[in-house]
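Worksheet for the structure shown next.
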Amino acid sequence: MKFAAGLFRRTTGAVSGPAFLSRFLLSCLLLAGAFPAPAQITTTGRQPTTFQSPPHIEGRVVARGNNSPLKGVAVTVRQRQGAEVGRSYTNDSGEFGFYNLAEGSFLLTASHPDYEEYSQEVDLFGRSVPDLRIVLSRKKGVRPASSIPTVPLWALKISPKAQRQYSKGLKELQKGNGKKSIAHLQAAIRLYPQYASAYSALGTVHLKLGDQEAAMAVFERALEIDENLPDACFGLGVLYNAQKRF
């Protein structure tokens, strides 16, 4: 800077004010041309590569129509040559996954005894497939397990007279007539001694009337006939809880 000011005075003489400033800047520009800037240093070579995890496939299998998740579906991944790369089974949420796969083209197949087989090509060139959705159609003639009614054997043999007495007992129970309800339910049991639901209803009446001993006896009898009867299980559970028989 001092050198530029001296050069300016030698070439232009003493000047002050705005004129001095403009001439001083002009001298600096002349110097910049006389002394070129140092050359910029550049580097060459490979840029650092970004680490990428191996390709993977994740997905979910659902049923056509209600989109409910399908558990236990066998999902396989094969190379184009036919060699199996991996096999997985869907969990409760219908999910599956394959990890640490090589790049390439694969054939993914989903199969289940109750559903039509499904196949799809998946390309894993520089990418993963994290949200694959597979929809399976149920085979014709195969009914969902939940839609097949299951009726206990004892319920198939109830006589019409016993059924009528049972219905009357339930009506009286709804009205709060405990004694009349007991009479009808006992009549139903006499007509059909294996009437598990009648025993369970009778236990409910005794429980409402405060007779825990009688209630427990008929609940236990109901479960001797049908160990999975919901009302009897619940009623007996209430009694056990009251007696702290956890």
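By order in the structure tokens, chains are A, B, ...; within a chain, residues start at 1; ligands start at 1, following the order shown.
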(message) Set the distance at 8 Å and use only C-alpha atoms: which residues neighbour Val218 in chain A once local chain neighbours fewer than 4 positions away are removed? I'd like the list as a PyMOL selection string.
(response) chain A and resi 199-200+202-203+214+222
May I have the residues from that selection written out with all heavy atoms, as a CSV table (one decimal), in the first residue's frame?
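Okay, this is what ended up in selection-v1.csv:
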```csv
chain,number,residue,atom,x,y,z
A,199,TYR,N,-76.6,-74.4,32.5
A,199,TYR,CA,-75.8,-74.4,33.7
A,199,TYR,C,-75.2,-73.0,33.9
A,199,TYR,O,-75.2,-72.4,35.0
A,199,TYR,CB,-74.8,-75.5,33.7
A,199,TYR,CG,-75.3,-76.8,34.0
A,199,TYR,CD1,-75.4,-77.8,33.1
A,199,TYR,CD2,-75.7,-77.2,35.4
A,199,TYR,CE1,-75.9,-79.1,33.3
A,199,TYR,CE2,-76.2,-78.4,35.7
A,199,TYR,CZ,-76.3,-79.4,34.6
A,199,TYR,OH,-76.8,-80.6,34.9
A,200,SER,N,-74.6,-72.5,32.9
A,200,SER,CA,-73.9,-71.2,33.0
A,200,SER,C,-74.8,-70.1,33.3
A,200,SER,O,-74.5,-69.2,34.2
A,200,SER,CB,-73.2,-70.9,31.6
A,200,SER,OG,-72.5,-69.7,31.7
A,202,LEU,N,-77.7,-70.4,34.9
A,202,LEU,CA,-78.1,-70.7,36.3
A,202,LEU,C,-77.1,-70.1,37.3
A,202,LEU,O,-77.4,-69.6,38.3
A,202,LEU,CB,-78.3,-72.2,36.5
A,202,LEU,CG,-78.9,-72.6,37.8
A,202,LEU,CD1,-80.3,-72.0,38.0
A,202,LEU,CD2,-79.1,-74.1,37.8
A,203,GLY,N,-75.8,-70.3,36.9
A,203,GLY,CA,-74.7,-69.8,37.8
A,203,GLY,C,-74.8,-68.3,37.8
A,203,GLY,O,-74.6,-67.7,38.9
A,214,ALA,N,-73.5,-72.0,45.4
A,214,ALA,CA,-74.4,-72.6,44.3
A,214,ALA,C,-73.9,-72.1,42.9
A,214,ALA,O,-73.9,-72.9,42.0
A,214,ALA,CB,-75.8,-72.2,44.5
A,222,ALA,N,-70.9,-76.6,34.2
A,222,ALA,CA,-70.9,-76.2,32.8
A,222,ALA,C,-69.6,-76.4,32.1
A,222,ALA,O,-69.5,-76.8,31.0
A,222,ALA,CB,-71.3,-74.7,32.7
```
Within 12 Å of range 91-94 of chain A: each range 118-171 of chain A residue with its shortest pair, only C-alpha atoms, as JSON lines:
```
{"residue": "A:Leu132", "atom": "CA", "partner": "A:Gly94", "partner_atom": "CA", "distance": 11.5}
{"residue": "A:Arg133", "atom": "CA", "partner": "A:Gly94", "partner_atom": "CA", "distance": 9.9}
{"residue": "A:Ile134", "atom": "CA", "partner": "A:Gly94", "partner_atom": "CA", "distance": 9.6}
{"residue": "A:Val135", "atom": "CA", "partner": "A:Gly94", "partner_atom": "CA", "distance": 10.6}
{"residue": "A:Leu136", "atom": "CA", "partner": "A:Gly94", "partner_atom": "CA", "distance": 11.4}
```
For the selection you just gave me, I'd like the residues written to a file as a PDB file, in the first residue's frame, keeping C-alpha atoms.
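As written to disk, selection-v7.pdb reads:
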```
ATOM      1  CA  LEU A 132     -42.952 -53.991  -1.374  1.00  0.00           C
ATOM      2  CA  ARG A 133     -46.654 -54.816  -1.028  1.00  0.00           C
ATOM      3  CA  ILE A 134     -47.945 -58.224  -2.105  1.00  0.00           C
ATOM      4  CA  VAL A 135     -51.664 -58.973  -2.390  1.00  0.00           C
ATOM      5  CA  LEU A 136     -52.715 -62.643  -2.466  1.00  0.00           C
TER       6      LEU A 136
END
```
Report as an mmCIF file with C-alpha atoms, in the first residue's frame all protein, DNA and RNA residues lying within 10 Å of range 56-72 of chain A, evaluated on only C-alpha atoms, omitting residues in the same chain fewer than 5 positions from it.
```
data_model
loop_
_atom_site.group_PDB
_atom_site.id
_atom_site.type_symbol
_atom_site.label_atom_id
_atom_site.label_comp_id
_atom_site.auth_asym_id
_atom_site.auth_seq_id
_atom_site.Cartn_x
_atom_site.Cartn_y
_atom_site.Cartn_z
ATOM 1 C CA VAL A 77 -35.973 -64.936 -3.570
ATOM 2 C CA SER A 88 -38.586 -66.067 4.788
ATOM 3 C CA TYR A 89 -41.995 -66.490 6.438
ATOM 4 C CA THR A 90 -44.273 -63.563 7.208
ATOM 5 C CA ASN A 91 -44.903 -62.646 10.845
ATOM 6 C CA ASP A 92 -48.181 -61.690 12.543
ATOM 7 C CA SER A 93 -48.149 -58.364 10.694
ATOM 8 C CA GLY A 94 -47.553 -60.025 7.319
ATOM 9 C CA GLU A 95 -44.011 -58.616 7.126
ATOM 10 C CA PHE A 96 -40.868 -60.212 5.657
ATOM 11 C CA GLY A 97 -37.328 -59.104 4.801
ATOM 12 C CA PHE A 98 -34.142 -60.118 2.958
ATOM 13 C CA TYR A 99 -30.859 -58.350 3.673
ATOM 14 C CA ASN A 100 -27.236 -58.209 2.430
ATOM 15 C CA LEU A 101 -28.257 -59.095 -1.118
ATOM 16 C CA ALA A 102 -26.006 -58.677 -4.141
ATOM 17 C CA GLU A 103 -26.963 -56.372 -7.001
ATOM 18 C CA LEU A 108 -39.620 -63.102 -5.648
ATOM 19 C CA ALA A 110 -45.027 -65.714 -2.218
ATOM 20 C CA SER A 111 -46.961 -68.938 -1.572
ATOM 21 C CA HIS A 112 -49.516 -70.209 0.943
ATOM 22 C CA PRO A 113 -51.708 -73.349 0.853
ATOM 23 C CA TYR A 115 -53.882 -68.615 -1.613
ATOM 24 C CA VAL A 122 -37.258 -57.312 -8.471
ATOM 25 C CA LEU A 124 -31.576 -54.394 -7.194
ATOM 26 C CA ARG A 127 -31.038 -49.538 -4.885
ATOM 27 C CA SER A 128 -33.114 -51.375 -2.293
ATOM 28 C CA VAL A 129 -36.834 -52.139 -2.203
ATOM 29 C CA PRO A 130 -38.046 -51.201 1.310
ATOM 30 C CA ASP A 131 -41.840 -51.152 0.885
ATOM 31 C CA LEU A 132 -42.952 -53.991 -1.374
ATOM 32 C CA ARG A 133 -46.654 -54.816 -1.028
ATOM 33 C CA ILE A 134 -47.945 -58.224 -2.105
ATOM 34 C CA VAL A 135 -51.664 -58.973 -2.390
ATOM 35 C CA LEU A 136 -52.715 -62.643 -2.466
ATOM 36 C CA SER A 137 -56.036 -63.961 -3.739
ATOM 37 C CA ARG A 138 -57.701 -66.836 -1.929
#
```
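Nearest to Gly178 in chain A of all the residues A:Asn228, A:Thr204, A:Ser197, A:Ser119 is A:Thr204, based on only C-alpha atoms.
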